[in-house]
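Notes for the one structure printed next.
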Amino acid sequence: MSECPAPLSFGQIEEARARLAGRVHETAVLTSETLDARAGAHLYFKCEIFQKGGAFKARGATNAVFALTEEQARAGVATHSSGNHAAALARAARLRGIPAYIVMPDNTPEVKRAAVRRQGAQIRYCAPTLAAREAAAAELVKGTGATLVHPFDNLFVMAGAGTVAAEFLAQVPQLEALLAPVGGGGLISGSAVAVRALKPGMRVIGVEPSGADDAARSFHSGTLQPMPDPHTIADGLRGALAPSTFAEIRRGVDDILTVTDEAIVAAMRELWEVLKVIVEPSGAVPYAALRTGRDELRGRHVGIILSGGNLDLERLPWQASG
């Protein structure tokens, strides 16, 4: 990776919006007086759980696949992913009629494996470590000639993710703060660039699990602090920041908060019970940071990105602990 990664521009996000037209959903925004009262703020939930494939990842993967030249596309695409990006890339490749080669950790939930299989991608499993994922993906690229579409360390993927915030602000222009989950950092990076272009001064806050807190530690220390073996129920947020996403976070994110797995499960269940929507642990992380109230956001208009809704319904966390 480059030591001086190229910055993401708002122009690239605008190009992504045009490229994605008709290929992904404009997702709904939900509100709840009950949750507003509990949080002490005006909350707006951007429902990427209703996105193609059930997660925001459809945006970045589709943008990247349809930005390929014809020559690049013929050899197909490859990636490593714990699930949502894998399914999104497999879908985008199917839409373009090209092969997709996917590396998945062997502890990936079955629901996410099945989503990739349904799209016709070829799957290879590996040990659940970042090093194993990267090595297996590099081997696939070498053997197939496919283009690597990294889950977040890719400007087309980041630009696609940035369309969430751009769309959100068009739907709810009164937003004063935006909370998004942080795994590899693609969503928060794209969100920050979009917000800075469209509404300077609005706060952008990332939230991640305390058991996978590399972004928070990196943000507060000013240097990348990898976590080689993260442990959290939020499987979609186990990825580590890349230099490109860390650079965008430093340029445009106001703060990164952490929450415990217990708080994530409680937030997830509350969203299910009150909003009546299925949100996976990774998607519930931003709301978890608001459940006990944040003084700096009290009374504000706060946007929350529910990033995905893919999980194994046979193994719900409150059932496992009961």
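Every chain in the structure tokens has a letter given in the order shown (A, B, ...), and although residue numbers restart at 1 in each chain, ligands are simply numbered from 1 in the order shown.
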*Please identify all polymer residues within 9 Å of Ala240 of chain A, counting only C-alpha atoms, omitting same-chain residues fewer than 6 positions from it, and present them as a ChimeraX atom specification.*
/A:130,183-185,212-215,225-228,230
Keeping only C-alpha atoms, write the selected residues to a file as a PDB file, in the first residue's frame.
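The resulting file, selection-v9.pdb, is shown below:
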ATOM      1  CA  LEU A 130      -6.296 -10.674   8.471  1.00  0.00           C
ATOM      2  CA  GLY A 183     -14.496  -1.676  10.647  1.00  0.00           C
ATOM      3  CA  GLY A 184     -11.989  -1.140   7.861  1.00  0.00           C
ATOM      4  CA  GLY A 185     -13.093   2.468   7.623  1.00  0.00           C
ATOM      5  CA  ALA A 212     -11.895  -4.380  17.853  1.00  0.00           C
ATOM      6  CA  ASP A 213     -10.880  -0.835  18.725  1.00  0.00           C
ATOM      7  CA  ASP A 214      -7.955  -0.254  16.349  1.00  0.00           C
ATOM      8  CA  ALA A 215      -9.669   2.786  14.789  1.00  0.00           C
ATOM      9  CA  GLN A 225      -2.577   0.780  15.753  1.00  0.00           C
ATOM     10  CA  PRO A 226      -3.459  -2.602  14.207  1.00  0.00           C
ATOM     11  CA  MET A 227      -5.318  -5.286  16.099  1.00  0.00           C
ATOM     12  CA  PRO A 228      -4.320  -8.653  14.602  1.00  0.00           C
ATOM     13  CA  PRO A 230     -10.040  -8.795  17.251  1.00  0.00           C
TER      14      PRO A 230
END
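Closest to Glu248 of chain A among A:Ser282, A:Ser189, A:Ser210, A:Thr69 is A:Ser189, based on only C-alpha atoms.
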Per residue of segment 48-91 of chain A within 10 Å of segment 7-31 of chain A, record the nearest atom pair and its distance in Å to one decimal, counting only C-alpha atoms, with rows in chain order and ascending residue number, as CSV.
residue,atom,partner,partner_atom,distance
A:Glu48,CA,A:Thr27,CA,6.0
A:Ile49,CA,A:Thr27,CA,8.3
A:Phe50,CA,A:Thr27,CA,6.3
A:Gln51,CA,A:His25,CA,5.7
A:Lys52,CA,A:Val24,CA,6.0
A:Gly53,CA,A:Val24,CA,9.5
A:Phe56,CA,A:Val24,CA,9.4
A:Ala58,CA,A:Val24,CA,6.9
A:Arg59,CA,A:Val24,CA,6.7
A:Gly60,CA,A:Ala16,CA,8.3
A:Thr62,CA,A:Leu20,CA,7.0
A:Asn63,CA,A:Ala16,CA,5.9
A:Ala64,CA,A:Ala16,CA,8.8
A:Phe66,CA,A:Arg19,CA,7.4
A:Ala67,CA,A:Arg19,CA,8.1
With N, CA and C atoms kept, could you save the residues just selected as a PDB file, in the first residue's frame?
ATOM      1  N   GLU A  48     -29.729   0.988   5.571  1.00  0.00           N
ATOM      2  CA  GLU A  48     -29.000   0.183   4.587  1.00  0.00           C
ATOM      3  C   GLU A  48     -29.272  -1.314   4.777  1.00  0.00           C
ATOM      4  N   ILE A  49     -29.998  -1.654   5.816  1.00  0.00           N
ATOM      5  CA  ILE A  49     -30.498  -3.019   5.958  1.00  0.00           C
ATOM      6  C   ILE A  49     -31.451  -3.370   4.829  1.00  0.00           C
ATOM      7  N   PHE A  50     -32.042  -2.362   4.166  1.00  0.00           N
ATOM      8  CA  PHE A  50     -32.953  -2.585   3.045  1.00  0.00           C
ATOM      9  C   PHE A  50     -32.240  -2.502   1.700  1.00  0.00           C
ATOM     10  N   GLN A  51     -30.922  -2.365   1.744  1.00  0.00           N
ATOM     11  CA  GLN A  51     -30.138  -2.267   0.512  1.00  0.00           C
ATOM     12  C   GLN A  51     -30.055  -3.614  -0.198  1.00  0.00           C
ATOM     13  N   LYS A  52     -29.732  -3.612  -1.473  1.00  0.00           N
ATOM     14  CA  LYS A  52     -29.466  -4.853  -2.199  1.00  0.00           C
ATOM     15  C   LYS A  52     -28.457  -5.674  -1.408  1.00  0.00           C
ATOM     16  N   GLY A  53     -28.794  -6.938  -1.149  1.00  0.00           N
ATOM     17  CA  GLY A  53     -27.902  -7.778  -0.368  1.00  0.00           C
ATOM     18  C   GLY A  53     -27.965  -7.521   1.123  1.00  0.00           C
ATOM     19  N   PHE A  56     -24.917  -1.888   3.167  1.00  0.00           N
ATOM     20  CA  PHE A  56     -24.385  -0.778   2.373  1.00  0.00           C
ATOM     21  C   PHE A  56     -23.299  -1.207   1.409  1.00  0.00           C
ATOM     22  N   ALA A  58     -23.209  -3.060  -0.965  1.00  0.00           N
ATOM     23  CA  ALA A  58     -23.611  -3.125  -2.375  1.00  0.00           C
ATOM     24  C   ALA A  58     -23.152  -1.887  -3.128  1.00  0.00           C
ATOM     25  N   ARG A  59     -23.095  -0.757  -2.459  1.00  0.00           N
ATOM     26  CA  ARG A  59     -22.736   0.496  -3.118  1.00  0.00           C
ATOM     27  C   ARG A  59     -21.275   0.498  -3.581  1.00  0.00           C
ATOM     28  N   GLY A  60     -20.367   0.215  -2.666  1.00  0.00           N
ATOM     29  CA  GLY A  60     -18.954   0.245  -3.025  1.00  0.00           C
ATOM     30  C   GLY A  60     -18.566  -0.840  -3.998  1.00  0.00           C
ATOM     31  N   THR A  62     -20.468  -2.479  -6.177  1.00  0.00           N
ATOM     32  CA  THR A  62     -21.052  -2.254  -7.500  1.00  0.00           C
ATOM     33  C   THR A  62     -20.339  -1.121  -8.215  1.00  0.00           C
ATOM     34  N   ASN A  63     -20.011  -0.067  -7.496  1.00  0.00           N
ATOM     35  CA  ASN A  63     -19.272   1.031  -8.107  1.00  0.00           C
ATOM     36  C   ASN A  63     -17.925   0.548  -8.650  1.00  0.00           C
ATOM     37  N   ALA A  64     -17.218  -0.259  -7.861  1.00  0.00           N
ATOM     38  CA  ALA A  64     -15.903  -0.750  -8.276  1.00  0.00           C
ATOM     39  C   ALA A  64     -15.993  -1.665  -9.490  1.00  0.00           C
ATOM     40  N   PHE A  66     -18.354  -1.850 -11.849  1.00  0.00           N
ATOM     41  CA  PHE A  66     -18.784  -1.180 -13.075  1.00  0.00           C
ATOM     42  C   PHE A  66     -17.829  -0.060 -13.494  1.00  0.00           C
ATOM     43  N   ALA A  67     -16.816   0.215 -12.683  1.00  0.00           N
ATOM     44  CA  ALA A  67     -15.759   1.139 -13.086  1.00  0.00           C
ATOM     45  C   ALA A  67     -14.617   0.430 -13.808  1.00  0.00           C
TER      46      ALA A  67
END
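When atom CA of Thr258 of chain A is paired with atom CA of Glu208 of chain A, their separation reads 4.9 Å.
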Using DSSP secondary structure from the backbone, list all strand (DSSP E) positions within segment 104-206 of chain A, as an MDAnalysis selection string.
chainID A and resid 104:105 122:126 147:148 177:181 203:206
* as an MDAnalysis selection string, list the residues of segment 48-290 of chain A assigned to helix (DSSP H, G or I) by DSSP on the backbone atoms of this structure. => chainID A and resid 48:50 52:54 57:66 70:74 84:96 110:118 130:144 155:171 186:198 210:212 214:221 235:237 243:252 261:275 281:290
Where does segment 178-278 of chain A meet segment 94-118 of chain A within 12 Å, residue by residue, with the nearest atom pair and distance in Å to one decimal for each, counting only C-alpha atoms, listed by chain and rising number, as CSV?
residue,atom,partner,partner_atom,distance
A:Ile233,CA,A:Pro109,CA,11.0
A:Ala234,CA,A:Pro109,CA,11.1
A:Asp235,CA,A:Thr108,CA,7.8
A:Gly236,CA,A:Thr108,CA,9.5
A:Arg238,CA,A:Pro105,CA,11.1
A:Gly239,CA,A:Pro105,CA,11.6
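What separates atom CA of Lys46 of chain A from atom CA of Leu148 of chain A is a distance of 28.9 Å.
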task: Give me the residues within 12 Å of Val193 of chain A as number ranges by chain, counting only C-alpha atoms and dropping any in the same chain fewer than 5 places off.
output: A: 7-14, 155, 158-166, 186-188, 198-200, 202-204, 245, 247-253
Among A:Ala88, A:Gly293, A:Leu35, A:Ala41, Ala121 of chain A is approached most closely, using only C-alpha atoms, by A:Ala88
Enter the distance from atom CA of Ala180 of chain A to atom CA of Trp318 of chain A, in Å, rounded to one decimal.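 Distance reported for this atom pair: 23.4 Å.
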(request) Would you mind listing what lies within 7 Å of Thr129 of chain A as a PyMOL selection string, with only C-alpha atoms counted and same-chain residues fewer than 2 positions away left out? (result) chain A and resi 127+131-133+228-229
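Proximity ranking of A:Gly120, A:Gln72, A:Glu314, A:Ile304 relative to Arg91 of chain A places A:Gly120 first, based on only C-alpha atoms.
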- If we count only C-alpha atoms, what is near segment 136-138 of chain A at a cut-off of 7 Å, once residues fewer than 2 positions away on the same chain are taken out, given as an MDAnalysis selection string? chainID A and resid 78:80 103 132:134 140:142
